[in-house]
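What's in final_20.cif: mmCIF, C-alpha atoms
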data_entry
#
loop_
_atom_site.label_atom_id
_atom_site.label_comp_id
_atom_site.auth_asym_id
_atom_site.auth_seq_id
_atom_site.Cartn_x
_atom_site.Cartn_y
_atom_site.Cartn_z
CA MET F 1 25.25 18.77 24.91
CA PRO F 2 23.02 17.00 22.39
CA SER F 3 23.82 18.09 18.86
CA GLY F 4 22.29 17.41 15.48
CA TYR F 5 18.80 18.50 16.45
CA LEU F 6 18.84 21.83 14.59
CA PRO F 7 18.52 20.18 11.15
CA ILE F 8 15.76 17.98 12.57
CA PHE F 9 13.94 21.05 13.84
CA VAL F 10 14.15 22.71 10.41
CA PHE F 11 13.09 19.43 8.83
CA ALA F 12 10.09 19.22 11.16
CA ILE F 13 8.90 22.70 10.21
CA LEU F 14 9.23 21.97 6.49
CA ALA F 15 7.54 18.58 6.90
CA ALA F 16 4.65 20.23 8.74
CA LEU F 17 4.28 22.74 5.90
CA PHE F 18 3.45 19.99 3.40
CA PRO F 19 0.05 19.00 4.82
CA VAL F 20 -0.80 22.65 5.53
CA ALA F 21 0.02 23.68 1.96
CA ALA F 22 -1.83 20.70 0.51
CA LEU F 23 -4.97 21.45 2.52
CA LEU F 24 -4.89 25.16 1.68
CA LEU F 25 -4.37 24.53 -2.03
CA ALA F 26 -7.18 21.97 -2.08
CA ARG F 27 -9.41 24.45 -0.28
CA LEU F 28 -8.92 26.98 -3.08
CA VAL F 29 -9.82 24.70 -5.97
CA ARG F 30 -12.29 22.16 -4.62
CA PRO F 31 -16.07 22.49 -4.93
CA SER F 32 -18.36 22.43 -1.92
CA ALA F 33 -21.92 21.22 -2.35
CA PRO F 34 -23.07 19.49 0.81
CA ASN F 35 -26.49 17.89 1.08
CA ALA F 36 -28.30 15.92 3.75
CA ALA F 37 -27.25 12.51 2.41
CA LYS F 38 -23.58 13.47 2.22
CA LEU F 39 -23.61 14.91 5.71
CA SER F 40 -25.04 11.86 7.46
CA ALA F 41 -22.78 9.22 8.99
CA TYR F 42 -21.75 6.52 6.52
CA GLU F 43 -23.37 3.23 7.41
CA CYS F 44 -23.59 1.57 4.01
CA GLY F 45 -26.71 3.52 3.00
CA ILE F 46 -28.80 2.54 6.00
CA GLU F 47 -30.11 5.29 8.30
CA PRO F 48 -27.63 5.61 11.18
CA THR F 49 -28.98 4.27 14.44
CA SER F 50 -27.73 5.22 17.92
CA GLN F 51 -24.52 7.01 18.87
CA SER F 52 -21.24 5.60 17.64
CA ARG F 53 -19.52 6.03 20.97
CA GLY F 54 -21.10 3.03 22.58
CA ARG F 55 -19.46 0.34 24.63
CA TYR F 56 -16.71 -1.77 23.22
CA SER F 57 -14.68 -4.76 24.31
CA VAL F 58 -12.66 -4.42 27.50
CA ARG F 59 -9.87 -6.34 25.74
CA PHE F 60 -8.74 -3.13 24.03
CA PHE F 61 -8.06 -1.60 27.45
CA LEU F 62 -6.25 -4.74 28.59
CA VAL F 63 -4.01 -4.59 25.53
CA ALA F 64 -3.22 -0.96 26.32
CA MET F 65 -2.21 -1.89 29.87
CA LEU F 66 -0.08 -4.80 28.71
CA PHE F 67 1.56 -2.49 26.21
CA VAL F 68 2.61 -0.10 28.96
CA ILE F 69 4.20 -2.92 30.97
CA PHE F 70 6.04 -4.51 28.07
CA ASP F 71 7.08 -1.24 26.48
CA VAL F 72 8.67 -0.14 29.73
CA GLU F 73 10.48 -3.47 29.68
CA THR F 74 11.92 -2.73 26.24
CA VAL F 75 12.86 0.78 27.33
CA PHE F 76 14.91 -0.72 30.17
CA LEU F 77 16.58 -3.11 27.75
CA PHE F 78 17.67 -0.34 25.34
CA PRO F 79 20.54 1.06 27.45
CA TRP F 80 21.59 -2.49 28.30
CA ALA F 81 21.83 -3.29 24.57
CA VAL F 82 24.46 -0.61 23.87
CA ARG F 83 26.45 -1.13 27.09
CA TYR F 84 26.47 -4.94 27.38
CA ARG F 85 30.09 -5.18 26.15
CA GLN F 86 31.34 -3.58 29.36
CA LEU F 87 28.92 -5.60 31.49
CA GLY F 88 29.78 -9.01 30.01
CA TRP F 89 28.21 -12.11 31.56
CA PHE F 90 27.06 -10.06 34.54
CA GLY F 91 24.91 -7.97 32.20
CA ILE F 92 23.45 -11.05 30.54
CA ALA F 93 22.58 -12.50 33.95
CA GLU F 94 21.03 -9.21 35.08
CA ALA F 95 18.90 -9.03 31.94
CA GLY F 96 17.97 -12.67 32.49
CA VAL F 97 16.77 -11.97 36.05
CA PHE F 98 14.89 -8.90 34.87
CA LEU F 99 13.19 -10.85 32.10
CA ALA F 100 12.45 -13.77 34.45
CA PHE F 101 10.25 -11.48 36.53
CA LEU F 102 8.44 -10.41 33.39
CA VAL F 103 8.03 -13.99 32.23
CA VAL F 104 6.27 -14.81 35.51
CA GLY F 105 3.81 -11.99 34.82
CA TYR F 106 3.52 -13.03 31.19
CA VAL F 107 2.66 -16.62 32.12
CA TRP F 108 0.09 -15.32 34.62
CA VAL F 109 -1.48 -13.14 31.90
CA ILE F 110 -1.72 -16.14 29.59
CA ARG F 111 -3.17 -18.37 32.35
CA LYS F 112 -5.79 -15.65 33.06
CA ARG F 113 -6.74 -15.83 29.36
CA VAL F 114 -6.23 -12.09 28.90
CA LEU F 115 -4.73 -12.74 25.48
CA ASP F 116 -7.55 -15.02 24.26
CA TRP F 117 -9.82 -12.99 22.04
CA SER F 118 -12.37 -15.63 21.09
CA MET T 1 29.48 13.99 14.79
CA MET T 2 29.39 14.09 11.01
CA ILE T 3 27.24 16.87 9.60
CA SER T 4 26.47 16.88 5.92
CA PRO T 5 28.17 19.70 4.01
CA TYR T 6 24.97 21.03 2.44
CA PRO T 7 22.38 20.75 5.20
CA VAL T 8 19.62 22.77 3.56
CA ALA T 9 20.03 21.00 0.22
CA THR T 10 19.94 17.67 2.03
CA ILE T 11 16.79 18.59 3.94
CA PHE T 12 14.95 19.63 0.78
CA GLY T 13 16.35 16.70 -1.16
CA VAL T 14 15.24 14.11 1.38
CA LEU T 15 11.78 15.65 1.73
CA ILE T 16 11.18 15.88 -2.00
CA VAL T 17 12.61 12.46 -2.79
CA ALA T 18 10.56 10.82 -0.03
CA LEU T 19 7.33 12.43 -1.24
CA THR T 20 8.11 11.66 -4.88
CA ILE T 21 8.78 8.01 -4.11
CA ALA T 22 5.56 7.84 -2.08
CA ALA T 23 3.60 9.33 -4.97
CA GLY T 24 5.31 7.04 -7.46
CA LEU T 25 4.29 4.05 -5.38
CA ILE T 26 0.63 4.79 -6.18
CA TRP T 27 1.44 3.90 -9.75
CA LEU T 28 3.97 1.15 -8.98
CA GLU T 29 1.64 -0.69 -6.63
CA ARG T 30 -1.25 -0.70 -9.09
CA ARG T 31 0.97 -1.82 -11.94
CA LEU T 32 2.63 -4.60 -9.92
CA LEU T 33 -0.67 -5.84 -8.48
CA ALA T 34 -2.05 -5.92 -12.01
CA LEU T 35 1.01 -7.84 -13.22
CA TRP T 36 0.62 -10.46 -10.48
CA GLN T 37 -3.12 -10.75 -11.11
CA ASP T 38 -2.84 -11.04 -14.92
CA ARG T 39 -4.37 -7.66 -15.70
CA TYR T 40 -3.00 -4.46 -17.28
CA GLY T 41 -3.40 -1.90 -14.52
CA PRO T 42 -3.23 1.84 -15.30
CA ASN T 43 -1.64 2.10 -18.76
CA ARG T 44 -3.54 4.94 -20.50
CA VAL T 45 -2.13 8.18 -19.09
CA GLY T 46 1.32 8.76 -20.56
CA PRO T 47 3.99 6.10 -21.23
CA PHE T 48 3.21 2.91 -19.23
CA GLY T 49 0.54 4.93 -17.44
CA LEU T 50 3.23 6.83 -15.53
CA PHE T 51 1.28 10.10 -15.55
CA GLN T 52 -1.47 8.34 -13.61
CA VAL T 53 0.25 9.78 -10.53
CA MET T 54 -0.29 13.31 -11.81
CA ALA T 55 -3.89 12.53 -12.80
CA ASP T 56 -4.60 11.14 -9.34
CA MET T 57 -3.04 14.17 -7.65
CA ILE T 58 -5.11 16.60 -9.71
CA LYS T 59 -8.22 14.57 -9.05
CA ILE T 60 -7.66 14.48 -5.30
CA PHE T 61 -7.09 18.25 -5.16
CA PHE T 62 -10.36 18.93 -6.97
CA LYS T 63 -12.44 16.47 -4.94
CA GLU T 64 -15.07 17.81 -2.61
CA ASP T 65 -13.75 17.51 0.94
CA TRP T 66 -16.44 17.87 3.58
CA ILE T 67 -16.17 17.59 7.31
CA PRO T 68 -19.13 15.69 8.75
CA PRO T 69 -21.18 17.98 11.04
CA PHE T 70 -21.11 15.40 13.85
CA ALA T 71 -17.30 15.11 13.75
CA ASP T 72 -14.85 16.75 16.13
CA LYS T 73 -13.62 19.30 13.58
CA THR T 74 -10.18 20.30 14.88
CA ILE T 75 -9.01 16.76 15.53
CA PHE T 76 -10.61 15.57 12.29
CA VAL T 77 -8.39 17.97 10.32
CA ILE T 78 -5.22 17.44 12.36
CA ALA T 79 -5.29 13.61 12.35
CA PRO T 80 -4.25 13.04 8.71
CA ALA T 81 -1.52 15.67 9.02
CA ILE T 82 -0.02 13.84 12.03
CA ILE T 83 0.69 10.69 10.07
CA MET T 84 2.37 12.57 7.22
CA VAL T 85 4.57 14.63 9.55
CA THR T 86 5.60 11.78 11.87
CA VAL T 87 6.51 9.45 9.01
CA LEU T 88 8.39 12.23 7.20
CA MET T 89 10.28 13.06 10.41
CA SER T 90 11.75 9.56 10.51
CA PHE T 91 13.41 10.22 7.15
CA ALA T 92 15.48 12.93 8.86
CA VAL T 93 17.80 10.37 10.45
CA LEU T 94 18.01 7.88 7.58
CA PRO T 95 21.54 7.73 6.11
CA ILE T 96 21.04 7.46 2.35
CA ALA T 97 24.68 7.46 1.28
CA PRO T 98 27.98 8.40 2.98
CA GLY T 99 27.52 12.02 4.05
CA ILE T 100 23.93 12.28 2.81
CA VAL T 101 21.88 12.38 6.00
CA VAL T 102 19.87 15.27 7.41
CA SER T 103 21.01 14.62 10.96
CA ASP T 104 23.42 11.89 11.99
CA LEU T 105 21.83 11.42 15.43
CA ASN T 106 23.58 9.17 17.95
CA VAL T 107 20.14 7.81 18.94
CA GLY T 108 18.78 7.40 15.41
CA VAL T 109 17.11 4.06 16.12
CA LEU T 110 15.31 5.47 19.16
CA PHE T 111 14.24 8.53 17.19
CA ILE T 112 12.62 6.37 14.53
CA LEU T 113 10.90 4.17 17.12
CA ALA T 114 9.55 7.30 18.84
CA MET T 115 8.23 8.73 15.58
CA SER T 116 6.58 5.48 14.56
CA SER T 117 4.88 5.36 17.98
CA LEU T 118 3.42 8.81 17.38
CA GLY T 119 1.83 7.49 14.18
CA VAL T 120 -0.71 5.62 16.34
CA TYR T 121 -2.22 8.95 17.36
CA SER T 122 -3.12 9.80 13.79
CA VAL T 123 -5.16 6.67 13.22
CA ALA T 124 -6.72 6.57 16.68
CA LEU T 125 -7.72 10.25 16.61
CA ALA T 126 -9.03 10.00 13.05
CA GLY T 127 -11.36 7.17 13.97
CA TRP T 128 -12.39 8.75 17.26
CA SER T 129 -13.13 12.20 15.82
CA SER T 130 -15.11 10.79 12.87
CA ASP T 131 -17.86 9.65 15.25
CA ASN T 132 -18.79 6.81 12.93
CA LYS T 133 -19.16 3.22 14.11
CA TYR T 134 -16.89 1.75 11.47
CA SER T 135 -14.28 4.42 12.04
CA LEU T 136 -14.29 3.92 15.78
CA LEU T 137 -13.91 0.15 15.41
CA GLY T 138 -11.13 0.66 12.89
CA ALA T 139 -9.35 3.07 15.20
CA LEU T 140 -9.61 0.69 18.16
CA ARG T 141 -8.25 -2.14 16.07
CA ALA T 142 -5.47 0.04 14.74
CA ALA T 143 -4.45 1.20 18.20
CA ALA T 144 -4.47 -2.33 19.65
CA GLN T 145 -2.58 -3.73 16.66
CA MET T 146 0.05 -1.01 16.49
CA LEU T 147 0.68 -1.07 20.25
CA SER T 148 1.04 -4.86 20.26
CA TYR T 149 3.42 -4.98 17.34
CA GLU T 150 5.43 -1.98 18.50
CA VAL T 151 6.63 -3.86 21.59
CA PHE T 152 8.55 -6.47 19.69
CA MET T 153 9.42 -4.13 16.85
CA GLY T 154 11.74 -2.38 19.32
CA LEU T 155 12.97 -5.69 20.71
CA SER T 156 13.71 -7.13 17.27
CA ILE T 157 16.04 -4.22 16.42
CA MET T 158 17.91 -4.64 19.70
CA GLY T 159 19.75 -7.66 18.28
CA VAL T 160 21.19 -5.38 15.61
CA VAL T 161 22.03 -2.75 18.23
CA LEU T 162 23.81 -5.44 20.29
CA LEU T 163 25.95 -6.47 17.32
CA ALA T 164 26.76 -2.89 16.27
CA GLY T 165 27.04 -1.54 19.81
CA SER T 166 25.33 1.72 18.82
CA PHE T 167 21.97 3.37 18.14
CA ASN T 168 23.57 5.42 15.39
CA LEU T 169 22.37 4.28 11.95
CA VAL T 170 25.64 5.20 10.21
CA GLN T 171 27.63 3.13 12.70
CA ILE T 172 25.17 0.28 12.28
CA ILE T 173 25.85 0.33 8.53
CA ASP T 174 29.61 0.50 9.11
CA ALA T 175 29.39 -2.51 11.42
CA GLN T 176 27.99 -4.52 8.49
CA ARG T 177 31.07 -4.18 6.28
CA GLY T 178 32.08 -7.82 6.81
CA LEU T 179 28.67 -9.43 6.99
CA TRP T 180 25.14 -8.07 6.57
CA PHE T 181 23.15 -8.40 9.77
CA VAL T 182 20.45 -10.35 7.95
CA ILE T 183 22.60 -13.49 8.40
CA PRO T 184 23.46 -13.39 12.14
CA GLN T 185 20.10 -11.72 12.91
CA PHE T 186 17.82 -13.65 10.56
CA LEU T 187 15.15 -14.10 13.21
CA GLY T 188 15.33 -10.39 14.09
CA PHE T 189 15.00 -9.59 10.38
CA VAL T 190 11.83 -11.68 10.02
CA LEU T 191 10.35 -10.24 13.24
CA PHE T 192 11.09 -6.68 12.19
CA LEU T 193 9.66 -7.27 8.73
CA ILE T 194 6.38 -8.58 10.20
CA ALA T 195 6.26 -5.77 12.76
CA GLY T 196 6.93 -3.28 9.97
CA VAL T 197 4.03 -4.56 7.89
CA ALA T 198 1.78 -4.36 10.97
CA GLU T 199 2.98 -0.84 11.82
CA THR T 200 2.17 0.45 8.33
CA ARG T 201 -1.18 -1.38 8.48
CA ARG T 202 -0.56 -3.09 5.15
CA LEU T 203 -2.08 -6.35 4.02
CA PRO T 204 -2.13 -8.93 5.56
CA PHE T 205 -2.32 -6.69 8.65
CA ASP T 206 -4.78 -4.12 7.30
CA LEU T 207 -7.59 -5.05 9.71
CA PRO T 208 -8.07 -1.41 10.80
CA GLU T 209 -9.31 -0.60 7.30
CA ALA T 210 -10.53 -4.04 6.19
CA GLU T 211 -12.64 -2.99 3.18
CA SER T 212 -14.91 -6.01 3.33
CA GLU T 213 -16.07 -5.50 6.92
CA LEU T 214 -15.23 -1.96 8.07
CA VAL T 215 -15.43 -0.09 4.73
CA ALA T 216 -12.06 1.69 5.10
CA GLY T 217 -12.28 1.75 8.91
CA PHE T 218 -10.67 4.76 10.50
CA HIS T 219 -10.91 6.88 7.34
CA SER T 220 -14.47 6.03 6.25
CA GLU T 221 -15.59 9.63 6.70
CA TYR T 222 -12.55 11.20 5.05
CA SER T 223 -12.57 12.53 1.52
CA GLY T 224 -10.56 14.72 -0.83
CA MET T 225 -7.12 15.89 0.25
CA LYS T 226 -7.48 14.62 3.83
CA PHE T 227 -8.02 11.11 2.53
CA GLY T 228 -5.10 11.72 0.17
CA MET T 229 -2.86 12.47 3.14
CA PHE T 230 -3.66 9.11 4.75
CA PHE T 231 -2.90 7.54 1.39
CA VAL T 232 0.45 9.29 1.02
CA GLY T 233 1.19 8.59 4.68
CA GLU T 234 0.74 4.88 4.07
CA TYR T 235 3.10 4.90 1.09
CA LEU T 236 5.62 7.00 3.00
CA GLY T 237 5.39 4.37 5.74
CA ILE T 238 6.20 1.57 3.28
CA THR T 239 9.15 3.53 1.94
CA LEU T 240 10.37 4.19 5.47
CA ILE T 241 10.13 0.58 6.65
CA SER T 242 11.78 -0.67 3.45
CA SER T 243 14.70 1.72 3.79
CA LEU T 244 14.98 0.90 7.50
CA ILE T 245 15.20 -2.84 6.76
CA ALA T 246 17.80 -2.06 4.08
CA ILE T 247 19.84 -0.05 6.59
CA LEU T 248 19.50 -2.30 9.64
CA PHE T 249 19.73 -5.72 8.04
CA LEU T 250 20.91 -5.46 4.43
CA GLY T 251 23.93 -3.22 4.82
CA GLY T 252 22.35 0.08 3.70
CA TRP T 253 24.55 1.64 1.02
CA LEU T 254 27.21 -1.12 1.16
CA GLY T 255 27.80 -3.07 -2.04
CA PRO T 256 30.39 -3.61 -4.78
CA ILE T 257 30.95 -1.63 -8.03
CA LEU T 258 27.81 0.53 -8.10
CA PRO T 259 27.82 3.86 -6.21
CA PRO T 260 26.48 3.67 -2.61
CA ILE T 261 23.28 5.62 -3.25
CA VAL T 262 22.31 3.24 -6.06
CA TRP T 263 22.76 0.26 -3.74
CA PHE T 264 20.61 1.86 -1.08
CA LEU T 265 17.83 2.75 -3.49
CA LEU T 266 18.00 -0.67 -5.15
CA LYS T 267 17.62 -2.52 -1.84
CA THR T 268 14.79 -0.21 -0.77
CA PHE T 269 13.05 -0.68 -4.11
CA LEU T 270 13.22 -4.46 -3.94
CA LEU T 271 11.80 -4.42 -0.40
CA ILE T 272 8.96 -2.15 -1.52
CA CYS T 273 8.17 -4.63 -4.29
CA PHE T 274 8.17 -7.38 -1.64
CA PHE T 275 5.63 -5.39 0.40
CA ILE T 276 3.40 -5.15 -2.67
CA LEU T 277 3.86 -8.87 -3.36
CA LEU T 278 2.63 -9.57 0.19
CA ARG T 279 -0.51 -7.60 -0.59
CA ALA T 280 -0.99 -9.45 -3.86
CA SER T 281 -0.66 -12.91 -2.36
CA LEU T 282 -1.75 -13.12 1.28
CA PRO T 283 -5.24 -13.29 2.77
CA ARG T 284 -6.23 -11.26 5.81
CA PRO T 285 -6.29 -13.03 9.22
CA ARG T 286 -9.01 -12.57 11.84
CA PHE T 287 -8.37 -9.95 14.51
CA ASP T 288 -8.07 -12.46 17.38
CA GLN T 289 -5.54 -14.44 15.32
CA LEU T 290 -3.55 -11.26 14.76
CA MET T 291 -3.40 -10.41 18.46
CA THR T 292 -2.64 -13.98 19.54
CA TRP T 293 0.12 -14.18 16.96
CA GLY T 294 1.67 -10.95 18.17
CA TRP T 295 1.58 -11.60 21.88
CA LYS T 296 2.06 -15.36 22.06
CA VAL T 297 4.48 -16.04 19.21
CA MET T 298 6.33 -12.90 18.17
CA LEU T 299 6.97 -11.37 21.60
CA PRO T 300 8.60 -14.47 23.21
CA LEU T 301 10.63 -15.02 20.03
CA ALA T 302 11.88 -11.41 20.09
CA VAL T 303 12.91 -11.66 23.76
CA ALA T 304 14.64 -15.01 23.20
CA ASN T 305 16.43 -13.63 20.14
CA LEU T 306 17.73 -10.69 22.17
CA LEU T 307 19.03 -12.82 25.07
CA VAL T 308 20.64 -15.46 22.83
CA THR T 309 22.29 -12.78 20.67
CA GLY T 310 23.62 -11.08 23.79
CA ALA T 311 25.02 -14.34 25.16
CA ILE T 312 26.68 -15.27 21.86
CA VAL T 313 28.22 -11.83 21.44
CA VAL T 314 29.61 -11.82 24.99
CA ALA T 315 30.94 -15.36 24.54
CA THR T 316 32.76 -14.51 21.30
CA ALA T 317 34.06 -11.20 22.69
CA GLN T 318 35.58 -13.00 25.70
CA GLY T 319 36.97 -15.71 23.45
CA ARG T 320 38.82 -13.03 21.48
CA SER T 321 40.23 -11.29 24.53
CA PHE T 322 41.88 -14.50 25.80
#

Would you mind writing the structure in this file as structure tokens?
Amino acid sequence: MPSGYLPIFVFAILAALFPVAALLLARLVRPSAPNAAKLSAYECGIEPTSQSRGRYSVRFFLVAMLFVIFDVETVFLFPWAVRYRQLGWFGIAEAGVFLAFLVVGYVWVIRKRVLDWS
Amino acid sequence: MMISPYPVATIFGVLIVALTIAAGLIWLERRLLALWQDRYGPNRVGPFGLFQVMADMIKIFFKEDWIPPFADKTIFVIAPAIIMVTVLMSFAVLPIAPGIVVSDLNVGVLFILAMSSLGVYSVALAGWSSDNKYSLLGALRAAAQMLSYEVFMGLSIMGVVLLAGSFNLVQIIDAQRGLWFVIPQFLGFVLFLIAGVAETRRLPFDLPEAESELVAGFHSEYSGMKFGMFFVGEYLGITLISSLIAILFLGGWLGPILPPIVWFLLKTFLLICFFILLRASLPRPRFDQLMTWGWKVMLPLAVANLLVTGAIVVATAQGRSF
């Protein structure tokens, strides 16, 4: 039975109240005088051209995919890190084999120049 | 599991202290930057300009705060709140002094990593909902940067977890009674420090908001209190990372003579000053340099650090048992 989460739950509610209270209080006291210039997209004073949601570099998607792979790797290493004392050298070897597979993929990614941004 | 005797008082105390420190940092950072750049900084409002914090708060409450008509309104409003709440949540598991902790979770380290991952949403959604070119670019950069540095942020703490044998922050501090982990885990300490700076998007890793090219990046379109929440969120982040480094690597509340809480606050304060010194002294790298650095240098180092630490710990443990 996991314990200790009740204080965290209370804490979360109180923490969430801070931004809500701040926004409500600001809403009561702040002025509101919009005009056309204020309401246009900020592009350093030049008239905005074209939609902002255009195309952007595929590298951002590649980074996201790499993140998934390597973050899953770290997630698998977490339980190993607290239990390695019982596992001893066997655990080290297992982690080594596991990481060796990842290193192969990592080297392939580097050879494919996925990580070169220039 | 140890539960603090006055849970409600602790909850309120931690919340209020965290927010007060974050607000105080607005003043501290400007004063320290001024000191290191041979200027005065804010020194008019109250003694040493201390009431500048109050003046800034009043100003930010009374600022006009419009939502651009082209923005995605709901997400635009929620995004700044996410960063405040997720960073504040991490404070719930930080042990400040013996017995002073909101919740002494057995997976404290994982909880903090989870909360810091959620912080990415705030920045990415803010930039996306703003529907502004600079904001979108800033958000993309922020997401790529925070994802990249998160991978080895987790790995760099694992060395500490290996040595302490627990995810519990109180047990990690107790395990440092003989020797602070900064000495056996110096590489982990450096890696975590760099990852921490990148996670809070502070200089030299502030490319998502690079003023000179993206004019504040993901929060270009924000104003008034919503901008203020990003601001406070950033300072809360610095406080959080500083106290985390103090707990994981510098022995938390451990220290001679002075009471534990003073030691903890002192270490945190010095680390915060170090963060500000980084901002005062380092230039900003290019984005490709940042990503290359993260993936090609920091990640292999973090993995190697973990394996070598594991091997050394197993070797010494077996040496003892014979």

| query | If you apply the PyMOL selection byres ((chain T) within 7 of (chain F)) to this file, what residues do you get, as a ChimeraX atom specification? | reply | /T:11,61-64,68-69,81,85,88-89,92,102-105,131-133,144,147-148,151,154-155,158,161-162,165-166,221,225,288,292,310-311,314

| If the PyMOL selection byres ((chain T and resi 57) around 12) is run on the structure shown, which residues does it catch, given as a list in words? |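 Residues picked by the PyMOL selection byres ((chain T and resi 57) around 12): Ala22, Leu25 and Ala26 of chain F; Thr20, Ala23, Gly24, Ile26, Trp27, Phe51, Gln52, Val53, Met54, Ala55, Asp56, Ile58, Lys59, Ile60, Phe61, Phe62, Lys63, Gly224, Met225, Phe227, Gly228, Met229, Phe231 and Val232 of chain T.
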
| Distance atom CA of T:Leu306-atom CA of F:Val97, one decimal place? |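 These atoms are spaced 14.0 Å apart.
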
| Selection result for the PyMOL selection byres ((chain T and resi 207) around 9) on this file, as a VMD selection string | chain T and resid 138 141 to 142 145 201 to 206 208 to 211 213 to 214 217 284 to 287 290

| Can you tell me how far atom CA of T:Leu236 sits from atom CA of T:Leu277, in Å to one decimal? |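 For atom CA of T:Leu236 relative to atom CA of T:Leu277, the distance reads 17.2 Å.
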
| query | What is the atom CA of T:Ile238 to atom CA of T:Leu136 distance in Å? | reply | 24.1 Å

Coordinates of box centre and edge lengths for stretch 87-99 of chain F, 4 Å on every side, axis-aligned, as AutoDock Vina command-line options:
--center_x 21.5 --center_y -9.1 --center_z 33.0 --size_x 24.6 --size_y 15.1 --size_z 14.0

| query | Got a sec: who's within 6 Å of stretch 77-80 of chain T, counting only C-alpha atoms, leaving out chain neighbours fewer than 3 positions off, as a list in words? | reply |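 Once the adjacent positions are removed, what remains is Thr74, Ile83, Ser122, Leu125, Ala126, Met229 and Phe230 of chain T.
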